[in-house]
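Participant: Questions regarding the structure given below will be posed in turn.
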Amino acid sequence: MTDVELIQNSLSGNDAAFREIIDRYEAKVAATVVSMLGNCPEADDVGQETFIRFYKNLKNFRGESSLGTYLTRIAMNLSLNELKRRKRQNRIIPLDDPGISHQIIDHDSGNEKRDRHEIVQWAIAQLTPKFQSTLVLRMMKGYSTEETAKILNLPTGTVLSRLARARGQLLKILEPYKEHI
Amino acid sequence: MREKRLHKLLHQSFDRELTPAGREVLERALRESGELREMRDRLQSLAEMPFPAPSNSFKPWFADRTMNRIRQLSFKEKQVESLFNGIFPGFRRIALVAGFALVLILGFNLSTSSQPNIADALGFTRYSMAEMADPITYFTLE
């Protein structure tokens with residue numbers, strides 16, 4: 001069944017059709033939310049809220065962008081709201097300091113790759129939300145610059161300059177760990 | 001200024017196809033500047049960096065939990081809707097009866113008044129300016 005058919009069935013009150021949409025797009029939404037917020041209980045809540053928002057606005061989905069892009073946009077906006085909320089409450093969830101983990105990198109073990117990922121994940125989390133969101137979509141999720149601009153509702157030029165600044169910041173943050181990456 | 005423009009071009013080369021003119025400018029600058037080449041190499045290493053594969057699932061039973069929340073929300077909305085549907089017709093009846101009674105009172109007042117006007121229709125007592133100016137009348141006004 002196509003996405004459009006699933007949406008039409010959901011609109012006529014078919015819960016199984018909406019469940020199918022969740023099954024189909026859980027991975028996509030999870031990739032966005034977890035990349036932005038890390039693996040925390042709030043990520044699950046934001047994921048659920050993404051689908052609930054979509055359910056409430058099913059009628060407004062006009063299919064101008066693909067369902068995946070539409071859901072990614074909702075997920076990204078909600079993740080940014082969550083980051084703002086954390087900032088307001090001064091509640092930053094610290095990811096593990098790679099300063100500890102890089103010392104225990106064992107180049108002969110299979111853990112090396114995981115440790116590198118931890119360092120990169122930590123470095124991305126140090127960026128401000130606007131740079132983080134741009135970088136996550138463009139470099140981790142592989143969206144094109146134009147798609148990233150569409151999801152973030154920004155001009156392409158702004159996305160390009162944010163990417164440049166985000167990369168610059170990331171290089172600075174990763175400077176002490178460059179031997180391990 | 002030129003350096004800034006070259007940095008911008010270099011960054012953009014990782015994100016989109018440059019125009020032929022832009023590419024030529026960048027290539028020439030890269031041939032001439034060791035610093036720019038170093039920057040390109042750093043950006044290249046960043047582009048090739050092992051970005052963590054994004055997690056592709058939430059906690060188990062995510063779809064079930066989301067559907068439960070949606071059902072609960074729908075149930076609550078239906079409850080509120082049915083509450084309003086129950087209350088609204090009751091209020092409508094009361095409003096209709098009150099409106100009808102008001103029309104009857106207005107009609108009666110107007111028909112019994114010698115000079116039909118709004119004050120008489122609403123049953124207000126009218127005072128002349130002299131009465132209003134009289135302190136005794138003023139303080140005994142209800």
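By convention in this document, the chains of the structure tokens carry letters A, B, ... by their order, each chain's residues are numbered from 1, and ligands are numbered from 1 in the order they are shown.
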With only C-alpha atoms considered, list every residue of chain B at most 10 Å from chain A, as an MDAnalysis selection string.
Facilitator: chainID B and resid 7:12 14:16 39 42:43 45:59 62:67 69:71 73:74
Participant: With C-alpha atoms kept, could you save the residues just selected as an mmCIF file, in the first residue's frame?
Facilitator:
```cif
data_model
loop_
_atom_site.group_PDB
_atom_site.id
_atom_site.type_symbol
_atom_site.label_atom_id
_atom_site.label_comp_id
_atom_site.auth_asym_id
_atom_site.auth_seq_id
_atom_site.Cartn_x
_atom_site.Cartn_y
_atom_site.Cartn_z
ATOM 1 C CA HIS B 7 37.085 29.756 2.151
ATOM 2 C CA LYS B 8 33.413 30.053 1.285
ATOM 3 C CA LEU B 9 34.029 28.499 -2.124
ATOM 4 C CA LEU B 10 36.041 25.700 -0.564
ATOM 5 C CA HIS B 11 33.253 24.882 1.910
ATOM 6 C CA GLN B 12 30.640 25.056 -0.815
ATOM 7 C CA PHE B 14 31.777 19.961 -0.386
ATOM 8 C CA ASP B 15 28.062 20.706 -0.500
ATOM 9 C CA ARG B 16 27.156 21.521 -4.051
ATOM 10 C CA MET B 39 42.220 23.444 4.983
ATOM 11 C CA ARG B 42 41.054 18.916 6.935
ATOM 12 C CA LEU B 43 37.614 19.364 5.437
ATOM 13 C CA SER B 45 39.025 14.265 6.452
ATOM 14 C CA LEU B 46 35.909 15.630 8.130
ATOM 15 C CA ALA B 47 33.785 14.587 5.165
ATOM 16 C CA GLU B 48 35.286 11.100 5.351
ATOM 17 C CA MET B 49 34.945 10.928 9.105
ATOM 18 C CA PRO B 50 33.082 7.920 10.458
ATOM 19 C CA PHE B 51 29.854 9.666 11.347
ATOM 20 C CA PRO B 52 27.884 7.440 13.685
ATOM 21 C CA ALA B 53 25.076 5.612 11.951
ATOM 22 C CA PRO B 54 21.923 7.166 13.364
ATOM 23 C CA SER B 55 19.911 4.906 15.632
ATOM 24 C CA ASN B 56 17.092 3.374 13.681
ATOM 25 C CA SER B 57 14.640 2.524 16.421
ATOM 26 C CA PHE B 58 13.191 3.765 19.653
ATOM 27 C CA LYS B 59 12.536 1.609 22.705
ATOM 28 C CA PHE B 62 7.209 2.102 20.052
ATOM 29 C CA ALA B 63 4.339 1.763 17.569
ATOM 30 C CA ASP B 64 2.063 0.204 20.216
ATOM 31 C CA ARG B 65 2.830 2.922 22.737
ATOM 32 C CA THR B 66 2.236 5.660 20.174
ATOM 33 C CA MET B 67 -1.060 4.106 19.051
ATOM 34 C CA ARG B 69 -1.486 7.563 23.197
ATOM 35 C CA ILE B 70 -3.377 8.396 20.015
ATOM 36 C CA ARG B 71 -6.344 6.278 21.140
ATOM 37 C CA LEU B 73 -6.261 11.384 22.952
ATOM 38 C CA SER B 74 -9.093 10.470 20.570
#
```
Participant: Could you tell me, as a PyMOL selection string, which residues of segment 16-108 of chain B DSSP assigns to helix (DSSP H, G or I) when given the backbone?
Facilitator: chain B and resi 20-32+34-47+62-108
Participant: Could the residues in this selection be saved with C-alpha atoms as a PDB file, in the first residue's frame?
Facilitator:
```pdb
ATOM      1  CA  PRO B  20      32.841  26.454 -13.804  1.00  0.00           C
ATOM      2  CA  ALA B  21      34.165  29.928 -12.988  1.00  0.00           C
ATOM      3  CA  GLY B  22      34.036  29.250  -9.235  1.00  0.00           C
ATOM      4  CA  ARG B  23      35.770  25.900  -9.681  1.00  0.00           C
ATOM      5  CA  GLU B  24      38.531  27.482 -11.740  1.00  0.00           C
ATOM      6  CA  VAL B  25      39.120  30.215  -9.136  1.00  0.00           C
ATOM      7  CA  LEU B  26      39.260  27.623  -6.366  1.00  0.00           C
ATOM      8  CA  GLU B  27      41.607  25.294  -8.247  1.00  0.00           C
ATOM      9  CA  ARG B  28      43.982  28.131  -9.005  1.00  0.00           C
ATOM     10  CA  ALA B  29      43.923  29.286  -5.368  1.00  0.00           C
ATOM     11  CA  LEU B  30      44.554  25.723  -4.197  1.00  0.00           C
ATOM     12  CA  ARG B  31      47.597  25.470  -6.439  1.00  0.00           C
ATOM     13  CA  GLU B  32      48.970  28.712  -5.024  1.00  0.00           C
ATOM     14  CA  GLY B  34      49.470  25.800   0.973  1.00  0.00           C
ATOM     15  CA  GLU B  35      47.213  27.030   3.770  1.00  0.00           C
ATOM     16  CA  LEU B  36      44.128  26.542   1.601  1.00  0.00           C
ATOM     17  CA  ARG B  37      45.293  23.056   0.629  1.00  0.00           C
ATOM     18  CA  GLU B  38      45.710  22.206   4.303  1.00  0.00           C
ATOM     19  CA  MET B  39      42.220  23.444   4.983  1.00  0.00           C
ATOM     20  CA  ARG B  40      40.876  21.381   2.098  1.00  0.00           C
ATOM     21  CA  ASP B  41      42.563  18.285   3.515  1.00  0.00           C
ATOM     22  CA  ARG B  42      41.054  18.916   6.935  1.00  0.00           C
ATOM     23  CA  LEU B  43      37.614  19.364   5.437  1.00  0.00           C
ATOM     24  CA  GLN B  44      38.149  16.257   3.355  1.00  0.00           C
ATOM     25  CA  SER B  45      39.025  14.265   6.452  1.00  0.00           C
ATOM     26  CA  LEU B  46      35.909  15.630   8.130  1.00  0.00           C
ATOM     27  CA  ALA B  47      33.785  14.587   5.165  1.00  0.00           C
ATOM     28  CA  PHE B  62       7.209   2.102  20.052  1.00  0.00           C
ATOM     29  CA  ALA B  63       4.339   1.763  17.569  1.00  0.00           C
ATOM     30  CA  ASP B  64       2.063   0.204  20.216  1.00  0.00           C
ATOM     31  CA  ARG B  65       2.830   2.922  22.737  1.00  0.00           C
ATOM     32  CA  THR B  66       2.236   5.660  20.174  1.00  0.00           C
ATOM     33  CA  MET B  67      -1.060   4.106  19.051  1.00  0.00           C
ATOM     34  CA  ASN B  68      -2.179   3.870  22.695  1.00  0.00           C
ATOM     35  CA  ARG B  69      -1.486   7.563  23.197  1.00  0.00           C
ATOM     36  CA  ILE B  70      -3.377   8.396  20.015  1.00  0.00           C
ATOM     37  CA  ARG B  71      -6.344   6.278  21.140  1.00  0.00           C
ATOM     38  CA  GLN B  72      -6.328   7.947  24.568  1.00  0.00           C
ATOM     39  CA  LEU B  73      -6.261  11.384  22.952  1.00  0.00           C
ATOM     40  CA  SER B  74      -9.093  10.470  20.570  1.00  0.00           C
ATOM     41  CA  PHE B  75     -11.095   9.069  23.496  1.00  0.00           C
ATOM     42  CA  LYS B  76     -10.601  12.271  25.539  1.00  0.00           C
ATOM     43  CA  GLU B  77     -11.563  14.433  22.556  1.00  0.00           C
ATOM     44  CA  LYS B  78     -14.687  12.363  22.023  1.00  0.00           C
ATOM     45  CA  GLN B  79     -15.565  12.676  25.732  1.00  0.00           C
ATOM     46  CA  VAL B  80     -15.239  16.478  25.625  1.00  0.00           C
ATOM     47  CA  GLU B  81     -17.212  16.553  22.395  1.00  0.00           C
ATOM     48  CA  SER B  82     -20.028  14.429  23.841  1.00  0.00           C
ATOM     49  CA  LEU B  83     -20.053  16.589  27.001  1.00  0.00           C
ATOM     50  CA  PHE B  84     -20.539  19.719  24.903  1.00  0.00           C
ATOM     51  CA  ASN B  85     -23.079  17.957  22.753  1.00  0.00           C
ATOM     52  CA  GLY B  86     -25.032  17.107  25.937  1.00  0.00           C
ATOM     53  CA  ILE B  87     -24.770  20.528  27.575  1.00  0.00           C
ATOM     54  CA  PHE B  88     -25.317  22.711  24.540  1.00  0.00           C
ATOM     55  CA  PRO B  89     -28.937  21.650  23.716  1.00  0.00           C
ATOM     56  CA  GLY B  90     -29.864  22.159  27.414  1.00  0.00           C
ATOM     57  CA  PHE B  91     -28.433  25.675  27.393  1.00  0.00           C
ATOM     58  CA  ARG B  92     -30.141  26.359  24.087  1.00  0.00           C
ATOM     59  CA  ARG B  93     -33.548  25.534  25.601  1.00  0.00           C
ATOM     60  CA  ILE B  94     -32.911  27.821  28.588  1.00  0.00           C
ATOM     61  CA  ALA B  95     -31.735  30.623  26.292  1.00  0.00           C
ATOM     62  CA  LEU B  96     -34.825  30.253  24.089  1.00  0.00           C
ATOM     63  CA  VAL B  97     -37.205  30.366  27.096  1.00  0.00           C
ATOM     64  CA  ALA B  98     -35.356  33.394  28.559  1.00  0.00           C
ATOM     65  CA  GLY B  99     -35.481  35.184  25.208  1.00  0.00           C
ATOM     66  CA  PHE B 100     -39.184  34.478  24.862  1.00  0.00           C
ATOM     67  CA  ALA B 101     -39.849  35.761  28.420  1.00  0.00           C
ATOM     68  CA  LEU B 102     -37.876  38.939  27.680  1.00  0.00           C
ATOM     69  CA  VAL B 103     -39.889  39.592  24.534  1.00  0.00           C
ATOM     70  CA  LEU B 104     -43.149  39.101  26.519  1.00  0.00           C
ATOM     71  CA  ILE B 105     -42.034  41.525  29.264  1.00  0.00           C
ATOM     72  CA  LEU B 106     -40.903  44.134  26.720  1.00  0.00           C
ATOM     73  CA  GLY B 107     -44.159  43.755  24.807  1.00  0.00           C
ATOM     74  CA  PHE B 108     -46.244  44.070  27.951  1.00  0.00           C
TER      75      PHE B 108
END
```
Participant: Quick one: of A:Ala123, A:Leu137, A:Leu154, A:Ala149, who's nearest to Tyr177 of chain A, counting only C-alpha atoms?
Facilitator: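 Comparing A:Ala123, A:Leu137, A:Leu154, A:Ala149 against Tyr177 of chain A, the winner is A:Ala123.
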Participant: Report, in Å with one decimal, the straight-line distance from atom CA of Pro176 of chain A to atom CA of Phe131 of chain A.
Facilitator: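 One can read the atom CA of Pro176 of chain A to atom CA of Phe131 of chain A distance as 20.6 Å.
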Participant: Skipping near chain neighbours, those fewer than 4 positions away, what residues fall within 10 Å of Ile7 of chain A using only C-alpha atoms, listed as a list in words?
Facilitator: Thr2, Asp3, Leu11, Ser12, Gly13, Asn14, Ala17, Phe18, Glu20, Ile21, Tyr55, Leu58, Lys59, Phe61 and Leu67 of chain A
Participant: What does the structure give for the distance between atom CA of Leu78 of chain A and atom CA of Asp115 of chain A, in Å to one decimal?
Facilitator: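 One can read the atom CA of Leu78 of chain A to atom CA of Asp115 of chain A distance as 28.5 Å.
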Participant: Separation of atom CA of Ile118 of chain B and atom CA of Glu131 of chain B, in Å?
Facilitator: 20.1 Å
Participant: From the options A:Leu71, A:Gln8, A:Phe54, A:Leu37, which residue's atoms come nearest to Ala125 of chain A, counting only C-alpha atoms?
Facilitator: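 Comparing A:Leu71, A:Gln8, A:Phe54, A:Leu37 against Ala125 of chain A, the winner is A:Leu37.
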